[in-house]
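Peer 1: Sharing structure-v2.csv, CSV, C-alpha atoms:
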```
chain,number,residue,atom,x,y,z
A,1,MET,CA,0.0,0.0,0.0
A,2,GLU,CA,1.5,3.3,-1.1
A,3,PHE,CA,0.4,6.9,-0.8
A,4,SER,CA,2.2,10.2,-1.4
A,5,ILE,CA,1.7,13.9,-1.9
A,6,LYS,CA,4.6,15.1,-4.0
A,7,PRO,CA,4.2,18.9,-4.5
A,8,ALA,CA,4.1,21.4,-1.6
A,9,ILE,CA,0.6,22.9,-1.5
A,10,ALA,CA,0.3,26.6,-0.6
A,11,LEU,CA,-2.6,29.2,-0.5
A,12,TYR,CA,-2.0,32.8,-1.6
A,13,ASP,CA,-4.3,35.8,-1.4
A,14,SER,CA,-3.6,37.1,-4.9
A,15,LEU,CA,-1.4,36.5,-7.9
A,16,LYS,CA,0.5,39.7,-7.1
A,17,GLY,CA,1.2,38.3,-3.6
A,18,PHE,CA,2.5,35.1,-5.2
A,19,VAL,CA,4.8,37.0,-7.6
A,20,GLU,CA,6.3,39.0,-4.7
A,21,ALA,CA,6.7,35.9,-2.5
A,22,LYS,CA,8.5,34.0,-5.2
A,23,ALA,CA,10.5,36.9,-6.4
A,24,LEU,CA,9.8,36.1,-10.1
A,25,GLY,CA,12.3,37.6,-12.5
A,26,GLU,CA,15.1,36.7,-14.9
A,27,GLY,CA,15.3,32.9,-15.4
A,28,ASP,CA,11.6,32.4,-14.9
A,29,LEU,CA,9.0,31.7,-17.6
A,30,ILE,CA,5.2,32.1,-17.1
A,31,VAL,CA,3.1,29.9,-19.3
A,32,THR,CA,-0.5,31.1,-19.4
A,33,ASN,CA,-3.3,32.8,-21.4
A,34,GLU,CA,-3.3,36.6,-21.9
A,35,TYR,CA,-6.9,36.9,-20.8
A,36,VAL,CA,-5.9,35.2,-17.5
A,37,LEU,CA,-2.7,37.1,-16.7
A,38,SER,CA,-3.5,40.7,-17.7
A,39,PRO,CA,-6.5,41.3,-15.3
A,40,GLN,CA,-4.6,39.7,-12.4
A,41,LEU,CA,-1.6,42.0,-12.7
A,42,GLY,CA,-3.8,45.2,-13.1
A,43,GLY,CA,-2.2,46.2,-16.4
A,44,GLU,CA,1.4,45.9,-15.0
A,45,ALA,CA,4.0,44.1,-17.0
A,46,ALA,CA,5.1,40.7,-15.8
A,47,PRO,CA,8.5,40.6,-14.1
A,48,CYS,CA,9.7,37.8,-16.3
A,49,ASP,CA,9.2,36.2,-19.7
A,50,VAL,CA,5.7,35.2,-20.6
A,51,LEU,CA,4.5,32.6,-23.1
A,52,TYR,CA,0.9,32.8,-24.2
A,53,GLN,CA,-0.5,29.3,-25.1
A,54,GLU,CA,-3.2,30.7,-27.4
A,55,LYS,CA,-0.5,31.7,-29.9
A,56,TYR,CA,0.1,28.0,-30.6
A,57,GLY,CA,-3.5,27.0,-31.1
A,58,GLN,CA,-6.9,26.8,-29.4
A,59,GLY,CA,-8.5,24.0,-27.4
A,60,GLU,CA,-6.9,21.2,-25.5
A,61,PRO,CA,-3.1,20.3,-25.8
A,62,SER,CA,-1.7,18.4,-28.7
A,63,ASP,CA,1.6,17.0,-29.8
A,64,GLU,CA,1.8,19.7,-32.5
A,65,MET,CA,1.2,22.5,-30.0
A,66,VAL,CA,3.9,21.3,-27.6
A,67,ASP,CA,6.4,20.8,-30.3
A,68,ALA,CA,5.9,24.4,-31.5
A,69,ILE,CA,6.4,25.7,-28.0
A,70,LEU,CA,9.5,23.5,-27.5
A,71,GLY,CA,10.9,25.0,-30.6
A,72,ASP,CA,10.4,28.6,-29.5
A,73,ILE,CA,12.0,28.2,-26.1
A,74,LYS,CA,15.0,26.2,-27.3
A,75,GLY,CA,18.2,27.6,-26.0
A,76,LYS,CA,16.5,29.7,-23.3
A,77,GLN,CA,18.2,29.2,-19.9
A,78,TYR,CA,15.0,29.1,-17.8
A,79,LYS,CA,15.3,27.8,-14.3
A,80,ARG,CA,11.6,27.9,-13.3
A,81,ILE,CA,8.4,27.3,-15.2
A,82,VAL,CA,5.3,28.9,-13.7
A,83,ALA,CA,2.1,27.5,-15.2
A,84,ILE,CA,-1.0,29.7,-14.7
A,85,GLY,CA,-4.1,28.1,-16.2
A,86,GLY,CA,-6.3,25.1,-16.6
A,87,GLY,CA,-5.5,21.6,-17.8
A,88,THR,CA,-4.1,22.7,-21.2
A,89,ILE,CA,-1.6,25.1,-19.6
A,90,ILE,CA,-0.6,22.6,-16.9
A,91,ASP,CA,-0.2,19.6,-19.2
A,92,VAL,CA,1.9,21.6,-21.7
A,93,SER,CA,4.1,23.1,-19.0
A,94,LYS,CA,5.0,19.8,-17.5
A,95,LEU,CA,6.7,18.9,-20.8
A,96,LEU,CA,8.9,22.0,-20.8
A,97,LEU,CA,11.0,20.8,-17.9
A,98,PHE,CA,13.6,18.7,-19.9
A,99,SER,CA,16.4,19.1,-22.3
A,100,ASP,CA,15.9,21.2,-25.4
A,101,GLU,CA,17.0,18.2,-27.6
A,102,TYR,CA,13.6,16.4,-27.2
A,103,ASN,CA,10.4,16.8,-29.1
A,104,VAL,CA,7.1,15.3,-27.8
A,105,GLU,CA,7.7,11.9,-29.5
A,106,ALA,CA,11.1,11.6,-27.9
A,107,LEU,CA,9.7,12.7,-24.5
A,108,TYR,CA,7.1,9.9,-24.6
A,109,GLU,CA,9.7,7.4,-25.7
A,110,GLN,CA,12.2,8.4,-23.0
A,111,GLY,CA,9.6,8.3,-20.2
A,112,SER,CA,11.1,7.6,-16.8
A,113,ALA,CA,14.7,8.0,-18.2
A,114,LEU,CA,14.2,11.7,-18.6
A,115,THR,CA,16.2,14.1,-16.4
A,116,ARG,CA,14.6,17.3,-15.2
A,117,GLU,CA,16.4,20.6,-15.8
A,118,ARG,CA,13.8,23.1,-14.4
A,119,GLU,CA,11.5,23.6,-11.5
A,120,LEU,CA,7.7,23.8,-11.9
A,121,ILE,CA,5.1,25.8,-10.0
A,122,VAL,CA,1.5,25.4,-10.9
A,123,ILE,CA,-1.4,27.8,-10.3
A,124,PRO,CA,-4.7,26.3,-11.4
A,125,THR,CA,-7.4,28.7,-12.7
A,126,THR,CA,-10.2,26.1,-12.9
A,127,CYS,CA,-11.6,23.8,-10.3
A,128,GLY,CA,-11.3,20.5,-12.1
A,129,THR,CA,-8.0,19.3,-13.5
A,130,GLY,CA,-6.2,18.3,-10.3
A,131,SER,CA,-3.1,18.2,-12.5
A,132,GLU,CA,-1.3,20.6,-10.2
A,133,VAL,CA,-0.7,17.6,-7.9
A,134,THR,CA,-0.3,14.8,-10.3
A,135,ASN,CA,2.6,13.4,-12.4
A,136,ILE,CA,0.5,13.0,-15.6
A,137,SER,CA,0.4,15.0,-18.8
A,138,ILE,CA,-2.3,14.3,-21.3
A,139,LEU,CA,-1.9,15.2,-25.0
A,140,GLU,CA,-4.0,14.7,-28.1
A,141,PHE,CA,-1.9,12.9,-30.7
A,142,LYS,CA,-3.2,14.2,-34.0
A,143,GLN,CA,-2.3,11.2,-36.2
A,144,LYS,CA,-3.6,8.6,-33.7
A,145,LYS,CA,-6.9,10.6,-33.2
A,146,THR,CA,-6.8,9.9,-29.5
A,147,LYS,CA,-5.3,11.3,-26.3
A,148,MET,CA,-2.4,9.6,-24.5
A,149,GLY,CA,-0.8,10.2,-21.1
A,150,LEU,CA,2.8,10.4,-19.9
A,151,ALA,CA,2.9,9.5,-16.2
A,152,ILE,CA,6.4,9.7,-14.6
A,153,PRO,CA,7.7,11.1,-11.3
A,154,GLN,CA,9.6,13.8,-13.1
A,155,LEU,CA,6.3,15.5,-14.0
A,156,TYR,CA,5.3,16.4,-10.4
A,157,ALA,CA,5.3,20.1,-9.8
A,158,ASP,CA,7.5,21.5,-7.0
A,159,GLU,CA,4.6,23.6,-5.7
A,160,ALA,CA,0.8,23.8,-6.3
A,161,ALA,CA,-0.1,27.4,-5.5
A,162,LEU,CA,-3.8,27.8,-4.9
A,163,ILE,CA,-5.3,31.3,-5.4
A,164,PRO,CA,-9.1,31.3,-5.0
A,165,ASP,CA,-9.3,34.8,-6.4
A,166,MET,CA,-8.2,33.5,-9.8
A,167,LEU,CA,-11.5,31.7,-10.2
A,168,LYS,CA,-13.9,34.6,-9.6
A,169,THR,CA,-14.2,35.4,-13.3
A,170,LEU,CA,-14.5,31.8,-14.5
A,171,PRO,CA,-17.3,31.3,-17.1
A,172,TYR,CA,-20.1,29.2,-15.7
A,173,GLY,CA,-19.7,26.5,-18.4
A,174,VAL,CA,-16.0,26.1,-17.6
A,175,PHE,CA,-16.8,25.9,-13.8
A,176,ALA,CA,-19.5,23.2,-14.5
A,177,THR,CA,-17.4,21.0,-16.8
A,178,SER,CA,-14.2,21.3,-14.7
A,179,SER,CA,-15.9,20.6,-11.3
A,180,ILE,CA,-17.7,17.6,-12.8
A,181,ASP,CA,-14.3,16.4,-14.0
A,182,ALA,CA,-13.0,16.8,-10.4
A,183,LEU,CA,-16.0,14.8,-9.1
A,184,VAL,CA,-15.2,12.0,-11.7
A,185,HIS,CA,-11.6,12.0,-10.5
A,186,ALA,CA,-12.7,11.5,-6.9
A,187,MET,CA,-15.3,8.9,-7.8
A,188,GLU,CA,-13.2,6.8,-10.1
A,189,SER,CA,-10.2,6.8,-7.7
A,190,TYR,CA,-12.6,5.8,-4.8
A,191,VAL,CA,-13.7,2.6,-6.5
A,192,SER,CA,-10.3,1.8,-8.0
A,193,PRO,CA,-8.5,-1.4,-7.0
A,194,LYS,CA,-5.5,0.8,-6.1
A,195,ALA,CA,-7.5,2.8,-3.6
A,196,THR,CA,-6.1,3.1,-0.1
A,197,PRO,CA,-7.6,4.5,3.1
A,198,PHE,CA,-5.5,7.6,2.5
A,199,SER,CA,-6.5,8.2,-1.1
A,200,ARG,CA,-10.2,7.6,-0.1
A,201,MET,CA,-9.8,10.2,2.6
A,202,PHE,CA,-9.0,12.8,-0.1
A,203,GLY,CA,-11.6,11.4,-2.5
A,204,LYS,CA,-14.3,11.6,0.1
A,205,GLY,CA,-13.5,15.1,1.0
A,206,ALA,CA,-13.6,16.2,-2.6
A,207,MET,CA,-17.0,14.5,-3.2
A,208,GLU,CA,-18.5,16.1,-0.2
A,209,LYS,CA,-17.3,19.6,-1.1
A,210,ILE,CA,-18.4,19.4,-4.7
A,211,LEU,CA,-21.7,17.7,-4.2
A,212,LYS,CA,-22.7,19.9,-1.2
A,213,GLY,CA,-21.7,22.9,-3.2
A,214,TYR,CA,-24.0,21.7,-6.1
A,215,GLN,CA,-26.8,21.2,-3.6
A,216,LYS,CA,-26.5,24.8,-2.4
A,217,MET,CA,-26.8,25.9,-6.0
A,218,GLN,CA,-29.9,23.7,-6.5
A,219,ASP,CA,-31.5,25.0,-3.3
A,220,ALA,CA,-31.0,28.5,-4.6
A,221,GLY,CA,-32.6,27.5,-7.9
A,222,GLU,CA,-29.9,28.9,-10.1
A,223,ALA,CA,-27.2,27.1,-12.1
A,224,LYS,CA,-24.6,29.9,-11.7
A,225,LEU,CA,-21.1,30.4,-10.4
A,226,PRO,CA,-21.0,30.0,-6.6
A,227,ASP,CA,-20.0,33.1,-4.6
A,228,ASP,CA,-17.3,31.2,-2.7
A,229,MET,CA,-15.0,29.2,-5.1
A,230,GLU,CA,-12.4,28.3,-2.5
A,231,ASP,CA,-14.2,25.0,-1.6
A,232,PHE,CA,-14.3,23.9,-5.2
A,233,LEU,CA,-10.6,24.8,-5.8
A,234,ILE,CA,-9.6,22.9,-2.7
A,235,ALA,CA,-11.8,20.0,-3.7
A,236,SER,CA,-10.2,19.8,-7.1
A,237,THR,CA,-6.8,19.6,-5.6
A,238,MET,CA,-8.0,16.9,-3.1
A,239,ALA,CA,-9.4,14.9,-6.0
A,240,GLY,CA,-6.1,15.3,-7.8
A,241,VAL,CA,-4.3,13.8,-4.8
A,242,ALA,CA,-6.8,10.9,-4.8
A,243,PHE,CA,-6.5,10.0,-8.4
A,244,GLY,CA,-2.8,10.7,-8.5
A,245,ASN,CA,-2.5,7.8,-6.1
A,246,ALA,CA,-5.3,5.5,-7.1
A,247,GLY,CA,-5.9,6.4,-10.8
A,248,CYS,CA,-8.8,7.3,-13.0
A,249,ALA,CA,-10.5,4.6,-15.1
A,250,ALA,CA,-13.0,3.9,-17.8
A,251,VAL,CA,-14.9,7.2,-17.7
A,252,HIS,CA,-11.8,9.0,-18.6
A,253,ALA,CA,-10.7,6.3,-21.1
A,254,LEU,CA,-14.0,6.6,-22.9
A,255,ALA,CA,-13.9,10.4,-22.8
A,256,TYR,CA,-10.5,10.7,-24.6
A,257,PRO,CA,-11.6,9.7,-28.1
A,258,ILE,CA,-14.7,11.9,-27.8
A,259,GLY,CA,-12.4,14.9,-27.0
A,260,ALA,CA,-9.9,14.0,-29.7
A,261,ILE,CA,-12.3,13.4,-32.5
A,262,TYR,CA,-15.1,15.9,-31.8
A,263,HIS,CA,-13.1,18.5,-29.8
A,264,VAL,CA,-15.4,18.3,-26.9
A,265,PRO,CA,-14.0,19.8,-23.6
A,266,HIS,CA,-12.7,17.1,-21.4
A,267,GLY,CA,-15.1,17.6,-18.5
A,268,LYS,CA,-18.0,17.7,-20.8
A,269,ALA,CA,-16.9,14.4,-22.4
A,270,ASN,CA,-16.7,12.8,-19.0
A,271,HIS,CA,-20.2,14.0,-18.2
A,272,MET,CA,-21.5,12.4,-21.4
A,273,VAL,CA,-20.3,8.9,-20.4
A,274,PHE,CA,-20.2,9.0,-16.6
A,275,GLU,CA,-23.6,7.6,-15.8
A,276,ALA,CA,-23.6,5.0,-18.5
A,277,THR,CA,-20.2,3.7,-17.4
A,278,PHE,CA,-21.2,3.3,-13.7
A,279,ASN,CA,-24.5,1.7,-14.8
A,280,MET,CA,-22.5,-0.9,-16.7
A,281,TYR,CA,-20.4,-1.5,-13.6
A,282,LYS,CA,-23.6,-2.1,-11.5
A,283,GLU,CA,-25.0,-4.4,-14.1
A,284,LEU,CA,-21.8,-6.5,-14.1
A,285,GLY,CA,-21.8,-6.7,-10.3
A,286,ALA,CA,-18.9,-4.4,-9.4
A,287,ASP,CA,-18.7,-3.5,-5.7
A,288,LEU,CA,-19.5,0.2,-5.6
A,289,SER,CA,-20.6,0.1,-2.0
A,290,PRO,CA,-17.7,2.2,-0.7
A,291,ALA,CA,-18.8,5.1,-3.0
A,292,GLU,CA,-22.5,4.5,-2.2
A,293,GLU,CA,-21.9,4.9,1.5
A,294,VAL,CA,-20.3,8.3,0.9
A,295,LEU,CA,-23.1,9.4,-1.4
A,296,ALA,CA,-25.8,8.1,1.0
A,297,GLU,CA,-24.4,10.4,3.7
A,298,ILE,CA,-24.3,13.4,1.4
A,299,PHE,CA,-27.9,12.8,0.0
A,300,ALA,CA,-29.4,11.5,3.2
A,301,CYS,CA,-30.9,8.5,1.4
A,302,GLN,CA,-30.6,4.7,1.0
A,303,PRO,CA,-27.5,3.5,-0.9
A,304,GLU,CA,-29.6,2.2,-3.8
A,305,GLU,CA,-31.0,5.6,-4.3
A,306,THR,CA,-27.7,7.5,-4.4
A,307,TRP,CA,-26.9,7.2,-8.1
A,308,GLU,CA,-30.2,8.5,-9.4
A,309,LYS,CA,-30.0,11.5,-7.0
A,310,MET,CA,-26.4,12.3,-7.9
A,311,PHE,CA,-26.9,12.1,-11.7
A,312,ALA,CA,-30.0,14.2,-11.5
A,313,LEU,CA,-28.0,16.8,-9.5
A,314,LEU,CA,-25.3,16.8,-12.2
A,315,ASP,CA,-27.8,17.4,-14.9
A,316,PHE,CA,-29.0,20.4,-13.0
A,317,VAL,CA,-25.5,21.8,-12.9
A,318,LEU,CA,-24.8,21.0,-16.5
A,319,GLN,CA,-27.4,19.7,-19.0
A,320,ARG,CA,-25.9,16.6,-20.4
A,321,GLU,CA,-25.6,16.3,-24.2
A,322,SER,CA,-26.0,13.0,-26.0
A,323,LEU,CA,-23.2,11.6,-28.2
A,324,GLY,CA,-25.7,11.5,-31.0
A,325,SER,CA,-25.9,15.3,-30.9
A,326,ILE,CA,-22.2,15.6,-31.9
A,327,GLY,CA,-22.4,13.0,-34.6
A,328,VAL,CA,-21.6,9.7,-33.0
A,329,ASP,CA,-23.5,6.6,-34.4
A,330,SER,CA,-23.1,2.9,-33.7
A,331,ASP,CA,-20.3,2.5,-36.2
A,332,VAL,CA,-18.3,5.4,-34.6
A,333,ALA,CA,-19.1,3.9,-31.2
A,334,GLY,CA,-17.4,0.7,-32.3
A,335,GLU,CA,-14.4,2.5,-33.6
A,336,MET,CA,-14.0,4.5,-30.4
A,337,ALA,CA,-14.3,1.3,-28.3
A,338,ALA,CA,-11.5,-0.3,-30.3
A,339,SER,CA,-9.4,2.9,-29.7
A,340,VAL,CA,-10.0,2.7,-26.0
A,341,ILE,CA,-8.9,-0.9,-25.8
A,342,GLN,CA,-5.8,-0.2,-27.9
A,343,ASN,CA,-4.7,3.1,-26.3
A,344,GLN,CA,-6.1,3.4,-22.8
A,345,GLN,CA,-5.0,0.3,-20.9
A,346,ARG,CA,-3.2,2.6,-18.4
A,347,LEU,CA,-6.6,3.8,-17.3
A,348,LEU,CA,-8.6,0.6,-17.8
A,349,ALA,CA,-6.4,-1.1,-15.3
A,350,ASN,CA,-8.0,1.0,-12.6
A,351,ASN,CA,-11.6,-0.2,-13.3
A,352,PRO,CA,-13.4,-1.9,-10.5
A,353,LEU,CA,-13.9,-4.7,-12.9
A,354,GLU,CA,-12.7,-5.5,-16.5
A,355,LEU,CA,-14.7,-4.1,-19.4
A,356,THR,CA,-14.6,-5.8,-22.8
A,357,GLN,CA,-14.5,-3.9,-26.1
A,358,GLU,CA,-18.1,-4.9,-26.7
A,359,GLN,CA,-19.2,-3.6,-23.3
A,360,ILE,CA,-17.4,-0.3,-24.0
A,361,LYS,CA,-19.2,0.0,-27.3
A,362,ILE,CA,-22.6,-0.6,-25.5
A,363,ILE,CA,-21.7,2.2,-23.1
A,364,TYR,CA,-21.1,4.5,-26.0
A,365,GLU,CA,-24.3,3.4,-27.7
A,366,ARG,CA,-26.4,4.1,-24.6
A,367,CYS,CA,-25.1,7.7,-24.7
A,368,ILE,CA,-26.1,8.3,-28.3
```
Once you've parsed the file, please lay out its structure as structure tokens.

Peer 2:
Amino acid sequence: MEFSIKPAIALYDSLKGFVEAKALGEGDLIVTNEYVLSPQLGGEAAPCDVLYQEKYGQGEPSDEMVDAILGDIKGKQYKRIVAIGGGTIIDVSKLLLFSDEYNVEALYEQGSALTRERELIVIPTTCGTGSEVTNISILEFKQKKTKMGLAIPQLYADEAALIPDMLKTLPYGVFATSSIDALVHAMESYVSPKATPFSRMFGKGAMEKILKGYQKMQDAGEAKLPDDMEDFLIASTMAGVAFGNAGCAAVHALAYPIGAIYHVPHGKANHMVFEATFNMYKELGADLSPAEEVLAEIFACQPEETWEKMFALLDFVLQRESLGSIGVDSDVAGEMAASVIQNQQRLLANNPLELTQEQIKIIYERCI
């Protein structure tokens, strides 16, 4: 039984306070989006070099995007990378910590043999990725039409810097999809065969914060950004600790081809297949009782009622779209199922029970 929390985790009142505390300057590179950084600095110039991710393409990270960035920073003697953003920024920044001689393909080939040459500080600006405390970087590989992950100890940040103020201007849709992603992180890691009492402690805390926050929104009758985002930010990091130790599973594995082929945001893709995947687990006799016990406490109901209540709450937070609405049919479902079996064994190993290619296709078809 193993459990670890690698990065230091710190809370800061503001980005300006972080910049002063870390004495950012020469030798540092901020990787972010312009719309994120400018308002936080009040129009002041950053004290170090800044790289804006949107210059290299929109959407989620790809091998092509990272190769272009690696080319532009080649020869720069940066000592620290400061990633300020959501999953795209964080996943890209983790791949900038190594020798200039590598492109993305070489990084994935070298894997655990890589030697780090830079420090990494991560400031998340959404409440979902959890990537600030994990050793995983996920990229879309354009030729393969799927996403693949590199998971090695060298990808851990040195510090996860949490600044709740950074989330105050988050668009509601981004809040909804990212926080559902964090809930899936907590839930999948909770029923993983790799779960430990320690990973479940963090997973339970994340589930409670997220679902109770959603219940407050539902009680108020409005699906809008909560006034206090600190609980959701902390929950996201807690879920990151949980899945960083116990892993994500089939929900994420099924979501990756959806995101790669149809360019659906990751959290939204998770939401599309979350319920159908867990329904399949139940049909096949998986032991989901540990999660049901947590949910029964949150919803004050019997364990057998928990799933219906949770998924109804999620549909209040974010109206779920069908796979059919984005163009998926039975043939495409079969192709995506084959891709999951071929490319996502790292994730499928964390299922509470084994899923066959045919069962994965059925899950997809139930979401059409």

Peer 1: Which residues, written as a ChimeraX atom specification, have at least one atom at most 10 Å from Glu354 of chain A, with only C-alpha atoms counted and residues fewer than 3 positions away on the same chain left out?

Peer 2: /A:250,281,284,286,348-351,357,359

Peer 1: Please produce an output containing C-alpha atoms for each residue in the selection, written as a PDB file, in the frame of the given file.

Peer 2:
```pdb
ATOM      1  CA  ALA A 250     -13.000   3.900 -17.800  1.00  0.00           C
ATOM      2  CA  TYR A 281     -20.400  -1.500 -13.600  1.00  0.00           C
ATOM      3  CA  LEU A 284     -21.800  -6.500 -14.100  1.00  0.00           C
ATOM      4  CA  ALA A 286     -18.900  -4.400  -9.400  1.00  0.00           C
ATOM      5  CA  LEU A 348      -8.600   0.600 -17.800  1.00  0.00           C
ATOM      6  CA  ALA A 349      -6.400  -1.100 -15.300  1.00  0.00           C
ATOM      7  CA  ASN A 350      -8.000   1.000 -12.600  1.00  0.00           C
ATOM      8  CA  ASN A 351     -11.600  -0.200 -13.300  1.00  0.00           C
ATOM      9  CA  GLN A 357     -14.500  -3.900 -26.100  1.00  0.00           C
ATOM     10  CA  GLN A 359     -19.200  -3.600 -23.300  1.00  0.00           C
TER      11      GLN A 359
END
```

Peer 1: What separation in Å, quoted to one decimal, exists between atom CA of Gln53 of chain A and atom CA of Gly128 of chain A?

Peer 2: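 Distance reported for this atom pair: 19.1 Å.
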
Peer 1: Measure the distance from atom CA of Ile261 of chain A to atom CA of Asn135 of chain A in Å and round it to one decimal.

Peer 2: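 Those two atoms sit 25.0 Å apart.
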
Peer 1: Using all atoms listed in the file, determine which residues lie at most 8 Å from segment 142-158 of chain A, disregarding the query and same-chain residues fewer than 4 positions distant; provide the list as a ChimeraX atom specification.

Peer 2: /A:6-8,62-64,94-95,108,111-112,114-116,119-122,132-138,256-257,259-261,339,343-344

Peer 1: One decimal, in Å: what's the spacing between atom CA of Asp13 of chain A and atom CA of Val174 of chain A?

Peer 2: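 Computed distance, atom CA of Asp13 of chain A to atom CA of Val174 of chain A, equals 22.2 Å.
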
Peer 1: Hey, what's within 12 Å of Gly71 of chain A if we count all atoms listed in the file and toss same-chain stuff fewer than 2 positions away? As a ChimeraX atom specification, please?

Peer 2: /A:56,64-69,73-76,96,99-104
